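Student: Following this line is start.tsv, made up of TSV, C-alpha atoms:
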chain	number	residue	atom	x	y	z
E	28	MET	CA	0.00	0.00	0.00
E	29	SER	CA	1.42	3.38	-0.92
E	30	LYS	CA	1.91	5.95	1.79
E	31	ASN	CA	-0.27	9.07	1.86
E	32	LEU	CA	0.64	12.15	3.85
E	33	SER	CA	-2.25	14.38	2.72
E	34	ALA	CA	-3.10	15.13	6.36
E	35	LYS	CA	0.42	16.55	6.83
E	36	LEU	CA	0.40	18.91	3.83
E	37	ARG	CA	0.14	22.54	4.96
E	38	GLN	CA	0.84	21.48	8.57
E	39	GLY	CA	4.57	22.22	8.61
E	40	LEU	CA	6.81	25.25	8.84
E	41	SER	CA	8.09	27.11	5.83
E	42	PRO	CA	11.86	26.88	5.38
E	43	GLN	CA	12.15	30.49	6.61
E	44	GLN	CA	10.00	29.78	9.68
E	45	PHE	CA	12.18	26.77	10.48
E	46	MET	CA	15.38	28.80	10.18
E	47	ASP	CA	13.99	31.73	12.17
E	48	GLY	CA	12.68	29.45	14.90
E	49	MET	CA	15.87	27.47	15.43
E	50	THR	CA	16.98	27.48	19.07
E	51	LYS	CA	20.06	25.33	18.42
E	52	ASN	CA	22.70	25.47	15.68
E	53	GLN	CA	21.06	28.39	13.86
E	54	GLU	CA	24.35	30.13	13.12
E	55	LYS	CA	25.96	27.00	11.65
E	56	PHE	CA	22.81	26.19	9.66
E	57	LYS	CA	22.78	29.69	8.15
E	58	GLU	CA	26.51	29.42	7.43
E	59	TRP	CA	25.99	26.23	5.37
E	60	TYR	CA	22.97	27.86	3.72
E	61	ASP	CA	24.98	30.96	2.75
E	62	LEU	CA	27.92	28.88	1.49
E	63	PHE	CA	25.75	26.99	-1.03
E	64	VAL	CA	26.72	27.48	-4.68
E	65	TRP	CA	25.52	25.78	-7.83
E	66	GLU	CA	28.56	23.80	-8.97
E	67	ASN	CA	26.75	22.45	-12.01
E	68	GLU	CA	24.67	24.68	-14.30
E	69	GLU	CA	22.71	21.64	-15.58
E	70	ASP	CA	21.62	20.82	-12.01
E	71	LYS	CA	20.48	24.41	-11.52
E	72	GLN	CA	18.54	24.33	-14.79
E	73	PHE	CA	16.91	21.04	-13.79
E	74	PHE	CA	15.64	22.47	-10.50
E	75	GLU	CA	14.45	25.64	-12.25
E	76	SER	CA	12.59	23.47	-14.79
E	77	LEU	CA	10.51	21.99	-11.96
E	78	ASN	CA	8.62	25.29	-11.85
E	79	ASN	CA	6.68	23.86	-14.80
E	80	ARG	CA	5.26	21.13	-12.53
E	81	ASP	CA	2.50	21.87	-10.07
E	82	ASP	CA	2.05	18.26	-8.91
E	83	LEU	CA	4.94	18.03	-6.42
E	84	ARG	CA	5.11	18.79	-2.70
E	85	CYS	CA	8.00	18.36	-0.26
E	86	LEU	CA	7.92	17.57	3.46
E	87	ILE	CA	11.19	17.50	5.40
E	88	LEU	CA	11.37	15.71	8.75
E	89	ALA	CA	13.93	17.64	10.75
E	90	ALA	CA	15.01	19.06	14.13
E	91	ASP	CA	17.48	21.83	14.88
E	92	TRP	CA	19.50	19.71	17.35
E	93	CYS	CA	20.55	17.22	14.65
E	94	GLY	CA	23.97	17.64	13.05
E	95	ASP	CA	22.89	16.00	9.79
E	96	VAL	CA	19.94	18.39	9.55
E	97	VAL	CA	22.24	21.37	10.13
E	98	ARG	CA	24.64	20.14	7.46
E	99	ASN	CA	22.24	18.76	4.81
E	100	VAL	CA	18.98	20.70	4.93
E	101	PRO	CA	20.56	24.03	3.86
E	102	ALA	CA	21.51	22.41	0.52
E	103	VAL	CA	18.02	20.92	0.18
E	104	PHE	CA	16.42	24.30	0.91
E	105	ARG	CA	18.64	26.05	-1.64
E	106	ALA	CA	17.96	23.49	-4.38
E	107	LEU	CA	14.21	23.55	-3.78
E	108	GLU	CA	13.99	27.36	-3.52
E	109	ILE	CA	14.33	27.72	-7.27
E	110	SER	CA	12.13	24.71	-8.06
E	111	GLY	CA	8.75	26.13	-7.13
E	112	ILE	CA	7.99	22.97	-5.12
E	113	PRO	CA	6.03	23.89	-1.98
E	114	THR	CA	8.34	22.85	0.85
E	115	GLU	CA	7.48	22.41	4.52
E	116	VAL	CA	9.41	21.26	7.56
E	117	LEU	CA	7.85	18.83	10.00
E	118	ILE	CA	9.58	18.81	13.39
E	119	LYS	CA	10.46	15.17	14.09
E	120	GLU	CA	9.22	15.14	17.68
E	121	GLU	CA	5.85	16.62	16.66
E	122	HIS	CA	5.25	14.03	13.92
E	123	PRO	CA	6.23	10.60	15.30
E	124	ASP	CA	3.67	8.98	12.99
E	125	VAL	CA	5.55	10.25	9.93
E	126	MET	CA	8.95	9.37	11.42
E	127	ALA	CA	7.73	5.80	11.99
E	128	GLN	CA	7.01	5.47	8.26
E	129	PHE	CA	10.51	6.55	7.19
E	130	LEU	CA	12.96	4.63	9.36
E	131	THR	CA	16.54	4.22	8.19
E	132	GLY	CA	17.89	0.75	8.81
E	133	GLY	CA	15.15	0.25	11.40
E	134	GLY	CA	16.01	3.42	13.32
E	135	GLU	CA	14.99	7.05	13.40
E	136	ALA	CA	17.36	9.29	11.46
E	137	ILE	CA	16.83	12.78	10.08
E	138	PRO	CA	16.58	14.68	7.86
E	139	ILE	CA	14.16	12.79	5.65
E	140	VAL	CA	13.12	14.70	2.53
E	141	ILE	CA	9.77	13.34	1.32
E	142	PHE	CA	8.29	14.14	-2.07
E	143	THR	CA	4.56	13.67	-2.61
E	144	ASP	CA	2.12	14.45	-5.35
E	145	PHE	CA	-0.44	17.23	-4.81
E	146	SER	CA	-2.77	14.83	-2.97
E	147	GLY	CA	-0.13	13.59	-0.54
E	148	PHE	CA	0.81	10.24	-2.10
E	149	VAL	CA	4.49	9.61	-1.42
E	150	LEU	CA	6.55	9.44	-4.61
E	151	GLY	CA	9.95	8.99	-2.98
E	152	HIS	CA	12.26	10.21	-0.25
E	153	TRP	CA	15.90	11.09	0.41
E	154	GLY	CA	17.96	11.07	3.55
E	155	PRO	CA	19.23	11.24	6.12
E	156	ARG	CA	22.64	11.72	4.48
E	157	PRO	CA	24.35	11.53	1.10
E	158	ALA	CA	24.65	7.85	0.14
E	159	HIS	CA	28.44	7.69	0.57
E	160	VAL	CA	28.17	9.12	4.11
E	161	GLN	CA	25.20	6.92	5.02
E	162	ALA	CA	27.19	3.86	3.89
E	163	VAL	CA	29.47	4.34	6.92
E	164	MET	CA	26.54	4.17	9.35
E	165	THR	CA	24.91	1.28	7.50
E	166	LYS	CA	28.15	-0.73	7.73
E	167	PHE	CA	28.55	0.17	11.40
E	168	LYS	CA	25.02	-1.03	12.24
E	169	GLN	CA	25.54	-4.29	10.33
E	170	GLU	CA	28.76	-4.96	12.22
E	171	ASN	CA	27.44	-3.78	15.62
E	172	PRO	CA	23.83	-4.91	16.02
E	173	ASP	CA	23.97	-5.05	19.84
E	174	ARG	CA	23.47	-1.53	21.21
E	175	GLU	CA	24.16	-2.92	24.71
E	176	ALA	CA	27.64	-4.22	23.83
E	177	PRO	CA	30.31	-2.72	26.12
E	178	ASP	CA	32.26	-1.24	23.19
E	179	TYR	CA	29.22	0.02	21.21
E	180	ASN	CA	29.61	3.69	22.22
E	181	ASP	CA	33.34	3.69	21.43
E	182	LYS	CA	32.70	2.14	18.03
E	183	ILE	CA	29.86	4.51	17.12
E	184	GLN	CA	32.11	7.47	17.92
E	185	ILE	CA	34.65	6.10	15.44
E	186	ALA	CA	31.89	5.67	12.85
E	187	ARG	CA	30.71	9.25	13.41
E	188	GLN	CA	34.27	10.53	12.95
E	189	GLU	CA	34.46	8.60	9.67
E	190	MET	CA	31.15	10.12	8.56
E	191	VAL	CA	32.54	13.62	9.20
E	192	LYS	CA	35.57	12.64	7.12
E	193	GLN	CA	33.27	11.42	4.32
E	194	TYR	CA	31.46	14.75	4.28
E	195	GLY	CA	34.85	16.26	3.60
E	196	GLU	CA	36.05	19.82	3.91
E	197	GLY	CA	33.96	22.64	2.52
E	198	THR	CA	30.72	22.34	0.61
E	199	GLY	CA	31.46	19.64	-1.97
E	200	TYR	CA	28.99	17.31	-0.29
E	201	GLN	CA	26.21	19.80	-1.11
E	202	THR	CA	26.74	19.09	-4.81
E	203	VAL	CA	26.32	15.38	-4.02
E	204	ILE	CA	23.00	16.11	-2.28
E	205	VAL	CA	21.80	18.14	-5.27
E	206	LYS	CA	22.77	15.27	-7.61
E	207	GLU	CA	20.97	12.69	-5.45
E	208	LEU	CA	17.84	14.86	-5.22
E	209	ARG	CA	17.93	15.41	-8.98
E	210	GLU	CA	18.13	11.64	-9.60
E	211	LEU	CA	15.20	11.05	-7.24
E	212	LEU	CA	13.05	13.81	-8.75
E	213	SER	CA	13.84	12.57	-12.26
E	214	SER	CA	12.30	9.22	-11.36
E	215	PHE	CA	8.74	10.59	-11.11
Can you present the structure in this file as structure tokens?
Tutor:
Amino acid sequence: MSKNLSAKLRQGLSPQQFMDGMTKNQEKFKEWYDLFVWENEEDKQFFESLNNRDDLRCLILAADWCGDVVRNVPAVFRALEISGIPTEVLIKEEHPDVMAQFLTGGGEAIPIVIFTDFSGFVLGHWGPRPAHVQAVMTKFKQENPDREAPDYNDKIQIARQEMVKQYGEGTGYQTVIVKELRELLSSF
């Protein structure tokens, strides 16, 4: 059965409301937002071409305390700004029913960028991280299924350090996010 989020459309915050209302990490979020540049003119043209479609909506599950939200959502906002796709942010803690439908490897991870049609039927989603960064966490979880193991916390810290390394210096990862979003949006 396909997922329908029609009851959630027009229930979220606008990107600007989310940014203005941040009580944590607002400065870093705005820094990543301001650093965004279109590395690829074809990607920019693709997102601009979406203005010709009125059938798409975007819901982003997020929270200002999450490092991946702070790092990734600014690029999502910037790409979608020129697309004309109505975009809303759903605060994770206020929408546990939506979070439960978009688990990553069986667990809650944000951001989740959900695309629906105009009536709320889910077409696809992205997140919580670029695929090459998420691969580190996926591998970690496969190799460390027991959260109660005595060395679990030490090992997850190492995995998180590797994820930071995978993001790399600067904003290159933002181009990867744009590419992954473009691939997803091209599929419907």
Student: Pick out the residues sitting within 9 Å of Leu86 in chain E, and hand them over as a PDB file with C-alpha atoms, in the coordinates of the input; count only C-alpha atoms, and ignore anything fewer than 5 positions along from it in its own chain.
Tutor:
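What follows is the written file around_19.pdb:
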ATOM      1  CA  LYS E  35       0.420  16.550   6.830  1.00  0.00           C
ATOM      2  CA  LEU E  36       0.400  18.910   3.830  1.00  0.00           C
ATOM      3  CA  GLY E  39       4.570  22.220   8.610  1.00  0.00           C
ATOM      4  CA  PRO E 113       6.030  23.890  -1.980  1.00  0.00           C
ATOM      5  CA  THR E 114       8.340  22.850   0.850  1.00  0.00           C
ATOM      6  CA  GLU E 115       7.480  22.410   4.520  1.00  0.00           C
ATOM      7  CA  VAL E 116       9.410  21.260   7.560  1.00  0.00           C
ATOM      8  CA  LEU E 117       7.850  18.830  10.000  1.00  0.00           C
ATOM      9  CA  ILE E 139      14.160  12.790   5.650  1.00  0.00           C
ATOM     10  CA  VAL E 140      13.120  14.700   2.530  1.00  0.00           C
ATOM     11  CA  ILE E 141       9.770  13.340   1.320  1.00  0.00           C
ATOM     12  CA  PHE E 142       8.290  14.140  -2.070  1.00  0.00           C
ATOM     13  CA  THR E 143       4.560  13.670  -2.610  1.00  0.00           C
TER      14      THR E 143
END
Student: How many Å separate CA of Gly151 in chain E from CA of Ala90 in chain E?
Tutor: 20.5 Å
Student: I'd like the contact shell of range 193-202 of chain E - 12 Å cut-off, only C-alpha atoms, skipping same-chain residues fewer than 4 positions apart - returned as an NGL selection string.
Tutor: :E and (58-71 or 94-95 or 98-106 or 156-164 or 186-189 or 206-209)
Student: Using all atoms listed in the file, which residue out of E:Arg84, E:Lys57, E:His122, E:Arg37 lies closest to Phe148 in chain E?
Tutor: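 Smallest separation from Phe148 in chain E among the options: E:Arg84.
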Student: For CA of Asp144 in chain E and CA of Glu120 in chain E, determine how far apart the two atoms are, in Å to one decimal place.
Tutor: 24.1 Å
Student: What does the distance between CA of Ala89 in chain E and CA of Thr50 in chain E come to in Å, to one decimal place?
Tutor: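 So the answer is 13.2 Å.
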Student: Any chance you could tabulate, as a Markdown table, the residues of range 146-212 of chain E at most 10 Å from range 130-134 of chain E with each one's nearest atom pair and distance in Å to one decimal, using only C-alpha atoms, in chain and rising number order?
Tutor:
| residue | atom | partner | partner_atom | distance |
| --- | --- | --- | --- | --- |
| E:Gly154 | CA | E:Thr131 | CA | 8.4 |
| E:Pro155 | CA | E:Thr131 | CA | 7.8 |
| E:Gln161 | CA | E:Thr131 | CA | 9.6 |
| E:Met164 | CA | E:Gly132 | CA | 9.3 |
| E:Thr165 | CA | E:Gly132 | CA | 7.2 |
| E:Lys168 | CA | E:Gly132 | CA | 8.1 |
| E:Gln169 | CA | E:Gly132 | CA | 9.3 |
Student: Just need the box for range 66-84 of chain E, edges along x, y and z, holding every atom the file lists for it with 8 Å tacked onto each side, so centre and edge lengths in Å to one decimal, as lines of an AutoDock Vina configuration file.
Tutor:
center_x = 15.3
center_y = 21.8
center_z = -9.1
size_x = 42.5
size_y = 23.6
size_z = 28.9
Student: Choose the residue, out of E:Val205, E:Leu150, E:Cys93, E:Leu107, that has the smallest atom-to-atom separation from Lys55 in chain E; count only C-alpha atoms.
Tutor: E:Cys93
Student: Of the candidates E:Ile137, E:Val125, E:Val203, E:Ile185, which shows the shortest atom-to-atom distance to Ser33 in chain E, using only C-alpha atoms?
Tutor: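 Smallest distance to Ser33 in chain E is found for E:Val125.
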Student: Kindly provide, as a list in words, the polymer residues lying within 8 Å of (8.4, 16.0, -9.9), counting all atoms listed in the file and using the coordinates exactly as they appear in the file.
Tutor: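 Here the neighbourhood of the point contains Leu77, Arg80, Asp82, Leu83, Asp144, Leu212, Ser213, Ser214 and Phe215 of chain E.
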Student: Grab the residues selected above and save them as a PDB file, in the frame of the given file with C-alpha atoms.
Tutor:
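Written out: again28.pdb:
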ATOM      1  CA  LEU E  77      10.510  21.990 -11.960  1.00  0.00           C
ATOM      2  CA  ARG E  80       5.260  21.130 -12.530  1.00  0.00           C
ATOM      3  CA  ASP E  82       2.050  18.260  -8.910  1.00  0.00           C
ATOM      4  CA  LEU E  83       4.940  18.030  -6.420  1.00  0.00           C
ATOM      5  CA  ASP E 144       2.120  14.450  -5.350  1.00  0.00           C
ATOM      6  CA  LEU E 212      13.050  13.810  -8.750  1.00  0.00           C
ATOM      7  CA  SER E 213      13.840  12.570 -12.260  1.00  0.00           C
ATOM      8  CA  SER E 214      12.300   9.220 -11.360  1.00  0.00           C
ATOM      9  CA  PHE E 215       8.740  10.590 -11.110  1.00  0.00           C
TER      10      PHE E 215
END
Student: From the options E:Glu121, E:Glu75, E:Asp81, E:Asp173, which residue's atoms come nearest to Phe145 in chain E, counting only C-alpha atoms?
Tutor: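 So, comparing all the options, the nearest one is E:Asp81.
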Student: Would you mind writing range 46-57 of chain E with all heavy atoms, as a PDB file, in the frame of the given file?
Tutor:
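What follows is the written file out19.pdb:
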ATOM      1  N   MET E  46      14.098  28.151   9.897  1.00  0.00           N
ATOM      2  CA  MET E  46      15.380  28.800  10.180  1.00  0.00           C
ATOM      3  C   MET E  46      15.235  29.865  11.266  1.00  0.00           C
ATOM      4  O   MET E  46      16.057  29.940  12.173  1.00  0.00           O
ATOM      5  CB  MET E  46      15.965  29.415   8.898  1.00  0.00           C
ATOM      6  CG  MET E  46      16.461  28.376   7.913  1.00  0.00           C
ATOM      7  SD  MET E  46      17.414  29.052   6.525  1.00  0.00           S
ATOM      8  CE  MET E  46      16.139  29.811   5.537  1.00  0.00           C
ATOM      9  N   ASP E  47      14.201  30.664  11.177  1.00  0.00           N
ATOM     10  CA  ASP E  47      13.990  31.730  12.170  1.00  0.00           C
ATOM     11  C   ASP E  47      13.714  31.185  13.555  1.00  0.00           C
ATOM     12  O   ASP E  47      14.070  31.805  14.554  1.00  0.00           O
ATOM     13  CB  ASP E  47      12.838  32.649  11.743  1.00  0.00           C
ATOM     14  CG  ASP E  47      13.162  33.487  10.520  1.00  0.00           C
ATOM     15  OD1 ASP E  47      14.353  33.584  10.141  1.00  0.00           O
ATOM     16  OD2 ASP E  47      12.204  34.048   9.927  1.00  0.00           O
ATOM     17  N   GLY E  48      13.071  30.015  13.618  1.00  0.00           N
ATOM     18  CA  GLY E  48      12.680  29.450  14.900  1.00  0.00           C
ATOM     19  C   GLY E  48      13.709  28.535  15.540  1.00  0.00           C
ATOM     20  O   GLY E  48      13.469  28.009  16.636  1.00  0.00           O
ATOM     21  N   MET E  49      14.845  28.360  14.879  1.00  0.00           N
ATOM     22  CA  MET E  49      15.870  27.470  15.430  1.00  0.00           C
ATOM     23  C   MET E  49      16.374  27.986  16.768  1.00  0.00           C
ATOM     24  O   MET E  49      16.716  29.161  16.886  1.00  0.00           O
ATOM     25  CB  MET E  49      17.041  27.320  14.456  1.00  0.00           C
ATOM     26  CG  MET E  49      16.680  26.574  13.192  1.00  0.00           C
ATOM     27  SD  MET E  49      18.082  26.458  12.036  1.00  0.00           S
ATOM     28  CE  MET E  49      18.969  25.070  12.769  1.00  0.00           C
ATOM     29  N   THR E  50      16.426  27.110  17.774  1.00  0.00           N
ATOM     30  CA  THR E  50      16.980  27.480  19.070  1.00  0.00           C
ATOM     31  C   THR E  50      18.354  26.871  19.275  1.00  0.00           C
ATOM     32  O   THR E  50      19.045  27.209  20.219  1.00  0.00           O
ATOM     33  CB  THR E  50      16.042  27.038  20.222  1.00  0.00           C
ATOM     34  OG1 THR E  50      15.872  25.619  20.159  1.00  0.00           O
ATOM     35  CG2 THR E  50      14.681  27.728  20.110  1.00  0.00           C
ATOM     36  N   LYS E  51      18.738  25.959  18.377  1.00  0.00           N
ATOM     37  CA  LYS E  51      20.060  25.330  18.420  1.00  0.00           C
ATOM     38  C   LYS E  51      20.656  25.390  17.013  1.00  0.00           C
ATOM     39  O   LYS E  51      19.941  25.243  16.024  1.00  0.00           O
ATOM     40  CB  LYS E  51      19.964  23.874  18.855  1.00  0.00           C
ATOM     41  CG  LYS E  51      19.459  23.672  20.257  1.00  0.00           C
ATOM     42  CD  LYS E  51      19.426  22.186  20.590  1.00  0.00           C
ATOM     43  CE  LYS E  51      18.966  21.949  21.997  1.00  0.00           C
ATOM     44  NZ  LYS E  51      17.516  21.956  22.139  1.00  0.00           N
ATOM     45  N   ASN E  52      21.942  25.587  16.932  1.00  0.00           N
ATOM     46  CA  ASN E  52      22.700  25.470  15.680  1.00  0.00           C
ATOM     47  C   ASN E  52      22.277  26.417  14.562  1.00  0.00           C
ATOM     48  O   ASN E  52      22.595  26.198  13.398  1.00  0.00           O
ATOM     49  CB  ASN E  52      22.632  24.014  15.150  1.00  0.00           C
ATOM     50  CG  ASN E  52      23.145  23.023  16.157  1.00  0.00           C
ATOM     51  OD1 ASN E  52      24.239  23.177  16.679  1.00  0.00           O
ATOM     52  ND2 ASN E  52      22.351  22.011  16.457  1.00  0.00           N
ATOM     53  N   GLN E  53      21.556  27.479  14.894  1.00  0.00           N
ATOM     54  CA  GLN E  53      21.060  28.390  13.860  1.00  0.00           C
ATOM     55  C   GLN E  53      22.200  29.040  13.082  1.00  0.00           C
ATOM     56  O   GLN E  53      22.148  29.127  11.852  1.00  0.00           O
ATOM     57  CB  GLN E  53      20.169  29.462  14.495  1.00  0.00           C
ATOM     58  CG  GLN E  53      19.520  30.367  13.465  1.00  0.00           C
ATOM     59  CD  GLN E  53      18.690  31.450  14.123  1.00  0.00           C
ATOM     60  OE1 GLN E  53      19.178  32.146  15.013  1.00  0.00           O
ATOM     61  NE2 GLN E  53      17.442  31.581  13.697  1.00  0.00           N
ATOM     62  N   GLU E  54      23.235  29.461  13.790  1.00  0.00           N
ATOM     63  CA  GLU E  54      24.350  30.130  13.120  1.00  0.00           C
ATOM     64  C   GLU E  54      25.047  29.203  12.128  1.00  0.00           C
ATOM     65  O   GLU E  54      25.332  29.597  10.991  1.00  0.00           O
ATOM     66  CB  GLU E  54      25.345  30.623  14.186  1.00  0.00           C
ATOM     67  CG  GLU E  54      26.340  31.623  13.676  1.00  0.00           C
ATOM     68  CD  GLU E  54      27.182  32.190  14.815  1.00  0.00           C
ATOM     69  OE1 GLU E  54      26.619  32.821  15.731  1.00  0.00           O
ATOM     70  OE2 GLU E  54      28.409  31.980  14.771  1.00  0.00           O
ATOM     71  N   LYS E  55      25.300  27.965  12.541  1.00  0.00           N
ATOM     72  CA  LYS E  55      25.960  27.000  11.650  1.00  0.00           C
ATOM     73  C   LYS E  55      25.063  26.653  10.463  1.00  0.00           C
ATOM     74  O   LYS E  55      25.532  26.547   9.329  1.00  0.00           O
ATOM     75  CB  LYS E  55      26.345  25.729  12.429  1.00  0.00           C
ATOM     76  CG  LYS E  55      27.261  24.820  11.663  1.00  0.00           C
ATOM     77  CD  LYS E  55      28.618  25.470  11.436  1.00  0.00           C
ATOM     78  CE  LYS E  55      29.546  24.599  10.641  1.00  0.00           C
ATOM     79  NZ  LYS E  55      30.738  25.318  10.194  1.00  0.00           N
ATOM     80  N   PHE E  56      23.758  26.486  10.731  1.00  0.00           N
ATOM     81  CA  PHE E  56      22.810  26.190   9.660  1.00  0.00           C
ATOM     82  C   PHE E  56      22.854  27.309   8.620  1.00  0.00           C
ATOM     83  O   PHE E  56      22.975  27.045   7.426  1.00  0.00           O
ATOM     84  CB  PHE E  56      21.388  26.073  10.241  1.00  0.00           C
ATOM     85  CG  PHE E  56      20.356  25.587   9.260  1.00  0.00           C
ATOM     86  CD1 PHE E  56      19.957  24.263   9.271  1.00  0.00           C
ATOM     87  CD2 PHE E  56      19.765  26.447   8.343  1.00  0.00           C
ATOM     88  CE1 PHE E  56      18.988  23.798   8.383  1.00  0.00           C
ATOM     89  CE2 PHE E  56      18.803  25.997   7.447  1.00  0.00           C
ATOM     90  CZ  PHE E  56      18.416  24.672   7.470  1.00  0.00           C
ATOM     91  N   LYS E  57      22.778  28.549   9.073  1.00  0.00           N
ATOM     92  CA  LYS E  57      22.780  29.690   8.150  1.00  0.00           C
ATOM     93  C   LYS E  57      24.112  29.805   7.415  1.00  0.00           C
ATOM     94  O   LYS E  57      24.157  30.204   6.255  1.00  0.00           O
ATOM     95  CB  LYS E  57      22.426  30.983   8.883  1.00  0.00           C
ATOM     96  CG  LYS E  57      20.945  31.034   9.236  1.00  0.00           C
ATOM     97  CD  LYS E  57      20.522  32.341   9.852  1.00  0.00           C
ATOM     98  CE  LYS E  57      19.008  32.347  10.040  1.00  0.00           C
ATOM     99  NZ  LYS E  57      18.523  33.550  10.666  1.00  0.00           N
TER     100      LYS E  57
END
